[in-house]
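Shown next, in structure tokens, is the structure this report addresses.
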Amino acid sequence: MEFTNKRTILITASLLLVLAISQAIFSALYSAQISFSRQFAWGLEALVFTLLVAFAGSAMVQAKNAQLGWSAIAFSAVLNIVQVSIGLTLFSTFGKVAGTVEGAQPLISGVVSLSFMIYYAAKVLLGLAALVFGLSFIAKGGKAIGGLTALAGGVAMLANGILITFGRDGFLPSGVAGASGMIATLLLAICLFGLNRKAD
């Protein structure tokens, strides 16, 4: 099977859709206080992000335009791999140390803060990608979806940018940034499906 530009875009959009849906499901389970395996949830996301790096990177070098959007998707996936890896490998380790060694509690707080900083940066990039491709879709006549995608991207960039600037304990709840990024990711995937069809 040849990985043409159209096929690469289709796979990238599908991976983004999987991420948006899985994050919505895991967020709903967490909010409902229903237990689930974090290893499975974060491990699955890490796997999808790893594939996303390859396909978005491939689309970036094949694309004739919107390279900024593809670059934002690819590098957001790289950041998310790092962030999820910290969660899977360091949260429990530093948590055990902080629970047994006196005065070590700041260790886990520092690791969590690092993880969230990377998480917000990745969401800023996904917001940028949604803005770029939303505007591109508007230019091709898709004003409704394109406008919503661009708007969601702008909101995600703003919300996550605020949390990067002022910190997780600032005046904006962390959940707002995460939700805006998830919505932007979902609309970005839909937008890429639409752009791919218009390229026929």
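By order of appearance in the structure tokens: chains A, B, ..., then residues from 1 within every chain, and ligands from 1 in the order shown.
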Non-local contacts of Val112 in chain A (12 Å; only C-alpha atoms; under 4 positions in same chain excluded) as an NGL selection string
:A and (83-95 or 105-108 or 116-119 or 168)
Spatial neighbours of range 6-13 of chain A, max dist 10 Å, only C-alpha atoms, sep filter under 2 positions, as a PyMOL selection string:
chain A and resi 1-4+15-19+48+51-60+62-63+70+73-74+185-197+199-200
Just want the 12 Å neighbourhood of range 151-165 of chain A, counted on only C-alpha atoms, with same-chain residues fewer than 2 positions away dropped. Output as a ChimeraX atom specification.
/A:69,72,113-135,138,143-149,167-189,191
Could you check which of A:Gln23, A:Ser14, A:Asn5, A:Thr50 is closest to Ile81 in chain A, using only C-alpha atoms?
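Distance minimum relative to Ile81 in chain A lands on A:Thr50.
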